[in-house]
Amino acid sequence: KNPQRVVYPEGEEEKIVRAAHLVMTENIAKPILLGNQQIITKTIEKLKYNLAEFVIIDPMLSNKNQYYARIFYENRQRKGATLIESKQLMKDSIYFGSMMLKMGDAEALISGLTTHYPNTIKPALQCVGVKKGLNLVSGLYIVVTKRDVYFFADTTVNVNPTSEELAEIAISTADTVQQFDITPKVAMLSFSNFGSAKYPQSLKVKKAVELVKSIRPELTVDGEMQADTAVVPKIIENDFPFSSLKGKANVLIFPDLNSGNIAYKLMARIGEASVIGPILMGMSKPIHVLQRGASVEDIINMTAIAVVEANHKEQ
């Protein structure tokens, strides 16, 4: 397939330009750099790349600015937006890039290298919105250990999800995993194993499992269960043979943001696992938020993930 057009708003310019050059030369995607044209141009020249190979758009100078502002205003005029405010917002690279996706002028957006997480999510939600049939966005990390690959969610967005929200997070994660041609085996995690500790926190997870099974009966999912139960096949086999989860899970759904965020960071720092993400799930277009200070390799990895998602949406 033709490479998808991926937008990179703002930067540490040198990292973004280096990543964009590799993405372009490896034919992963067609990068579009958003930001101050003079600064980006100087960075490309400093790195001795061919300026003619890059697509640069300065939202302050673009002839699409007024057009995007009008569309944004028409969509959000009953949600507090004014035309003057909309024109001002379109000078911001993330808002401009999000509108590029909405209007089909690009297929994916990678942002967040120098901004806080909400500063990317808010424009994305206002411009692009959540996927049809969903009510929330959530965050996923791919955790690569020496022997296995796991998918952790939600690790970045929802602080204390309800049972219904947990169920939606589990389904979104399973669907995302399937895009990588991997069969998801989902464990809904808790401090309780199948009713061993009946507290509101564990009952919330139990209800989420029931909801997932009723909404998507074809998915392999079970819980509530402890983390070691999820990843040690002998525990399931010996102690819980009734479970629909056989072998180890590869998708781990955490009951709250505390546990999910702590777990992936401990895996990275103490467990020496490689972590890729965060992957933003639930958006109607591929929009992903880098960790602040992400490396060139991180940017390329997130671009590749966005391209997989964009290609999947075309099918």
# chains A, B, ... in the order shown; residues from 1 in each chain; ligands from 1

call {"tool": "residues_around", "arguments": {"residues": "segment 254-265 of chain A", "least_positions_apart": "3", "cutoff": "6 Å", "atoms": "only C-alpha atoms", "output": "ChimeraX atom specification"}}
result
/A:155,159-160,189,268

call {"tool": "residues_around", "arguments": {"residues": "Ser138 of chain A", "least_positions_apart": "6", "cutoff": "7 Å", "atoms": "only C-alpha atoms", "output": "PyMOL selection string"}}
result
chain A and resi 154+156-158+169+280-282

call {"tool": "residues_around", "arguments": {"residues": "segment 5-10 of chain A", "least_positions_apart": "6", "cutoff": "6 Å", "atoms": "only C-alpha atoms", "output": "PyMOL selection string"}}
result
chain A and resi 29-35+93-94+106-111

call {"tool": "write_last_selection", "arguments": {"atoms": "all heavy atoms", "output": "compact mmCIF listing (two decimals), in the first residue's frame"}}
result
# COMPACT_ATOMS: atom_id res chain seq x y z
N ALA A 29 6.07 5.83 6.06
CA ALA A 29 4.98 6.81 5.95
C ALA A 29 5.49 8.03 5.20
O ALA A 29 6.68 8.16 4.92
CB ALA A 29 4.49 7.21 7.33
N LYS A 30 4.57 8.92 4.86
CA LYS A 30 4.92 10.21 4.28
C LYS A 30 4.80 11.27 5.37
O LYS A 30 3.69 11.67 5.73
CB LYS A 30 3.96 10.55 3.12
CG LYS A 30 4.09 9.61 1.92
CD LYS A 30 3.10 9.99 0.84
CE LYS A 30 3.23 9.08 -0.38
NZ LYS A 30 2.24 9.42 -1.44
N PRO A 31 5.92 11.70 5.95
CA PRO A 31 5.85 12.64 7.08
C PRO A 31 5.49 14.06 6.66
O PRO A 31 5.92 14.54 5.61
CB PRO A 31 7.26 12.59 7.66
CG PRO A 31 8.13 12.16 6.53
CD PRO A 31 7.29 11.28 5.65
N ILE A 32 4.69 14.71 7.48
CA ILE A 32 4.34 16.11 7.30
C ILE A 32 4.73 16.82 8.60
O ILE A 32 4.19 16.50 9.67
CB ILE A 32 2.84 16.30 7.03
CG1 ILE A 32 2.42 15.54 5.76
CG2 ILE A 32 2.49 17.79 6.90
CD1 ILE A 32 0.91 15.47 5.55
N LEU A 33 5.65 17.75 8.52
CA LEU A 33 6.14 18.46 9.70
C LEU A 33 5.36 19.75 9.88
O LEU A 33 5.30 20.59 8.98
CB LEU A 33 7.62 18.77 9.55
CG LEU A 33 8.53 17.56 9.24
CD1 LEU A 33 9.98 18.02 9.10
CD2 LEU A 33 8.41 16.50 10.32
N LEU A 34 4.76 19.92 11.05
CA LEU A 34 3.99 21.12 11.36
C LEU A 34 4.76 21.98 12.35
O LEU A 34 5.28 21.48 13.35
CB LEU A 34 2.64 20.77 11.99
CG LEU A 34 1.58 20.10 11.13
CD1 LEU A 34 0.27 20.06 11.90
CD2 LEU A 34 1.39 20.79 9.81
N GLY A 35 4.81 23.28 12.09
CA GLY A 35 5.48 24.18 13.02
C GLY A 35 6.07 25.38 12.30
O GLY A 35 5.73 25.66 11.14
N SER A 93 -0.32 24.07 16.36
CA SER A 93 0.02 22.93 15.51
C SER A 93 -0.83 21.70 15.78
O SER A 93 -1.20 20.97 14.86
CB SER A 93 1.49 22.57 15.68
OG SER A 93 2.32 23.58 15.17
N ILE A 94 -1.15 21.44 17.06
CA ILE A 94 -1.91 20.22 17.38
C ILE A 94 -3.36 20.35 16.91
O ILE A 94 -3.93 19.41 16.37
CB ILE A 94 -1.82 19.91 18.88
CG1 ILE A 94 -0.36 19.74 19.30
CG2 ILE A 94 -2.59 18.63 19.21
CD1 ILE A 94 -0.16 19.53 20.78
N ALA A 106 -4.58 14.18 6.04
CA ALA A 106 -3.56 13.29 6.58
C ALA A 106 -4.29 12.10 7.20
O ALA A 106 -5.52 12.15 7.39
CB ALA A 106 -2.70 13.99 7.62
N GLU A 107 -3.55 11.04 7.46
CA GLU A 107 -4.17 9.81 7.98
C GLU A 107 -3.82 9.52 9.43
O GLU A 107 -4.46 8.69 10.07
CB GLU A 107 -3.78 8.60 7.13
CG GLU A 107 -4.49 8.50 5.80
CD GLU A 107 -3.97 9.49 4.76
OE1 GLU A 107 -2.72 9.58 4.59
OE2 GLU A 107 -4.80 10.18 4.13
N ALA A 108 -2.79 10.16 9.99
CA ALA A 108 -2.40 9.89 11.37
C ALA A 108 -1.66 11.09 11.93
O ALA A 108 -1.13 11.92 11.18
CB ALA A 108 -1.52 8.64 11.45
N LEU A 109 -1.62 11.18 13.26
CA LEU A 109 -0.94 12.29 13.93
C LEU A 109 -0.13 11.75 15.10
O LEU A 109 -0.62 10.94 15.89
CB LEU A 109 -1.95 13.32 14.41
CG LEU A 109 -1.41 14.59 15.08
CD1 LEU A 109 -2.29 15.79 14.72
CD2 LEU A 109 -1.37 14.45 16.60
N ILE A 110 1.12 12.20 15.19
CA ILE A 110 2.00 11.83 16.29
C ILE A 110 2.42 13.11 16.99
O ILE A 110 3.00 14.00 16.37
CB ILE A 110 3.27 11.09 15.80
CG1 ILE A 110 2.91 9.90 14.92
CG2 ILE A 110 4.14 10.67 16.99
CD1 ILE A 110 2.22 8.77 15.64
N SER A 111 2.12 13.22 18.29
CA SER A 111 2.40 14.47 19.00
C SER A 111 2.82 14.16 20.43
O SER A 111 2.92 13.00 20.83
CB SER A 111 1.17 15.36 18.97
OG SER A 111 1.44 16.60 19.58

call {"tool": "atom_distance", "arguments": {"atom1": "atom CA of Ile235 of chain A", "atom2": "atom CA of Gln178 of chain A"}}
result
25.9 Å

call {"tool": "residues_around", "arguments": {"residues": "Val143 of chain A", "least_positions_apart": "4", "cutoff": "6 Å", "atoms": "only C-alpha atoms", "output": "list of chain:residue names"}}
result
A:Val149, A:Tyr150, A:Ser274, A:Val275

call {"tool": "select_by_dssp", "arguments": {"residues": "segment 20-217 of chain A", "states": "alpha helix (DSSP H)", "output": "PyMOL selection string"}}
result
chain A and resi 20-25+37-46+65-76+83-89+93-102+117-127+163-179+200-215

call {"tool": "residues_around", "arguments": {"residues": "Ile40 of chain A", "least_positions_apart": "5", "cutoff": "12 Å", "atoms": "only C-alpha atoms", "output": "ChimeraX atom specification"}}
result
/A:8-18,20,32-35,45-47,49,51,54-58

call {"tool": "write_last_selection", "arguments": {"atoms": "C-alpha atoms", "output": "PDB file, in the first residue's frame"}}
result
ATOM      1  CA  TYR A   8       4.171  15.619  13.428  1.00  0.00           C
ATOM      2  CA  PRO A   9       3.171  18.812  15.260  1.00  0.00           C
ATOM      3  CA  GLU A  10       5.730  20.771  17.292  1.00  0.00           C
ATOM      4  CA  GLY A  11       9.007  19.230  18.390  1.00  0.00           C
ATOM      5  CA  GLU A  12      12.234  19.013  19.718  1.00  0.00           C
ATOM      6  CA  GLU A  13      12.823  19.761  16.054  1.00  0.00           C
ATOM      7  CA  GLU A  14      16.027  17.750  15.636  1.00  0.00           C
ATOM      8  CA  LYS A  15      14.469  14.540  16.970  1.00  0.00           C
ATOM      9  CA  ILE A  16      11.359  14.961  14.864  1.00  0.00           C
ATOM     10  CA  VAL A  17      13.346  15.705  11.697  1.00  0.00           C
ATOM     11  CA  ARG A  18      15.664  12.725  12.254  1.00  0.00           C
ATOM     12  CA  ALA A  20      10.803  11.836   9.837  1.00  0.00           C
ATOM     13  CA  ILE A  32       4.341  16.109   7.305  1.00  0.00           C
ATOM     14  CA  LEU A  33       6.135  18.463   9.699  1.00  0.00           C
ATOM     15  CA  LEU A  34       3.991  21.121  11.358  1.00  0.00           C
ATOM     16  CA  GLY A  35       5.480  24.183  13.019  1.00  0.00           C
ATOM     17  CA  GLU A  45      19.810  22.067   6.717  1.00  0.00           C
ATOM     18  CA  LYS A  46      21.820  21.609   9.923  1.00  0.00           C
ATOM     19  CA  LEU A  47      21.360  17.826   9.646  1.00  0.00           C
ATOM     20  CA  TYR A  49      19.211  16.411   4.666  1.00  0.00           C
ATOM     21  CA  LEU A  51      15.123  20.047   2.094  1.00  0.00           C
ATOM     22  CA  PHE A  54      10.313  17.214   3.267  1.00  0.00           C
ATOM     23  CA  VAL A  55       6.747  18.489   3.500  1.00  0.00           C
ATOM     24  CA  ILE A  56       6.564  21.412   5.940  1.00  0.00           C
ATOM     25  CA  ILE A  57       3.374  23.231   6.876  1.00  0.00           C
ATOM     26  CA  ASP A  58       3.386  26.321   9.082  1.00  0.00           C
TER      27      ASP A  58
END

call {"tool": "residues_around", "arguments": {"residues": "Gln179 of chain A", "least_positions_apart": "6", "cutoff": "9 Å", "atoms": "only C-alpha atoms", "output": "ChimeraX atom specification"}}
result
/A:308-309,312

call {"tool": "write_last_selection", "arguments": {"atoms": "N, CA, C and O atoms", "output": "compact mmCIF listing (two decimals), in the first residue's frame"}}
result
# COMPACT_ATOMS: atom_id res chain seq x y z
N VAL A 308 -0.09 1.15 10.85
CA VAL A 308 -0.86 -0.10 10.92
C VAL A 308 -2.33 0.21 11.16
O VAL A 308 -3.22 -0.35 10.50
N GLU A 309 -2.59 1.11 12.10
CA GLU A 309 -3.97 1.47 12.42
C GLU A 309 -4.65 2.16 11.24
O GLU A 309 -5.81 1.87 10.91
N HIS A 312 -5.49 -0.32 8.60
CA HIS A 312 -6.61 -1.16 9.06
C HIS A 312 -7.95 -0.45 8.86
O HIS A 312 -8.93 -1.07 8.47

call {"tool": "closest_residue", "arguments": {"among": "A:Ser192, A:Thr303, A:Leu83, A:Thr173", "to": "Glu26 of chain A", "atoms": "only C-alpha atoms"}}
result
A:Thr303

call {"tool": "closest_residue", "arguments": {"among": "A:Lys131, A:Lys206, A:Lys87, A:Lys146", "to": "Met225 of chain A", "atoms": "only C-alpha atoms"}}
result
A:Lys206

call {"tool": "residues_around", "arguments": {"residues": "Ala304 of chain A", "least_positions_apart": "6", "cutoff": "10 Å", "atoms": "only C-alpha atoms", "output": "ChimeraX atom specification"}}
result
/A:4,6,23,28-29,298,310

call {"tool": "select_by_dssp", "arguments": {"residues": "segment 24-150 of chain A", "states": "strand (DSSP E)", "output": "PyMOL selection string"}}
result
chain A and resi 29-34+55-57+108-111+138-144+149-150

call {"tool": "write_last_selection", "arguments": {"atoms": "C-alpha atoms", "output": "CSV table (one decimal), in the first residue's frame"}}
result
chain,number,residue,atom,x,y,z
A,29,ALA,CA,5.0,6.8,5.9
A,30,LYS,CA,4.9,10.2,4.3
A,31,PRO,CA,5.8,12.6,7.1
A,32,ILE,CA,4.3,16.1,7.3
A,33,LEU,CA,6.1,18.5,9.7
A,34,LEU,CA,4.0,21.1,11.4
A,55,VAL,CA,6.7,18.5,3.5
A,56,ILE,CA,6.6,21.4,5.9
A,57,ILE,CA,3.4,23.2,6.9
A,108,ALA,CA,-2.4,9.9,11.4
A,109,LEU,CA,-0.9,12.3,13.9
A,110,ILE,CA,2.0,11.8,16.3
A,111,SER,CA,2.4,14.5,19.0
A,138,SER,CA,-7.8,4.9,26.8
A,139,GLY,CA,-4.1,4.2,26.7
A,140,LEU,CA,-2.2,1.1,25.9
A,141,TYR,CA,1.5,0.1,26.3
A,142,ILE,CA,3.2,-2.8,24.5
A,143,VAL,CA,5.5,-4.4,27.0
A,144,VAL,CA,8.2,-6.5,25.4
A,149,VAL,CA,4.9,-9.6,24.5
A,150,TYR,CA,2.2,-8.2,26.7

call {"tool": "atom_distance", "arguments": {"atom1": "atom CA of Ile300 of chain A", "atom2": "atom CA of Asn135 of chain A"}}
result
29.0 Å

call {"tool": "atom_distance", "arguments": {"atom1": "atom CA of Asn65 of chain A", "atom2": "atom CA of Val128 of chain A"}}
result
16.5 Å
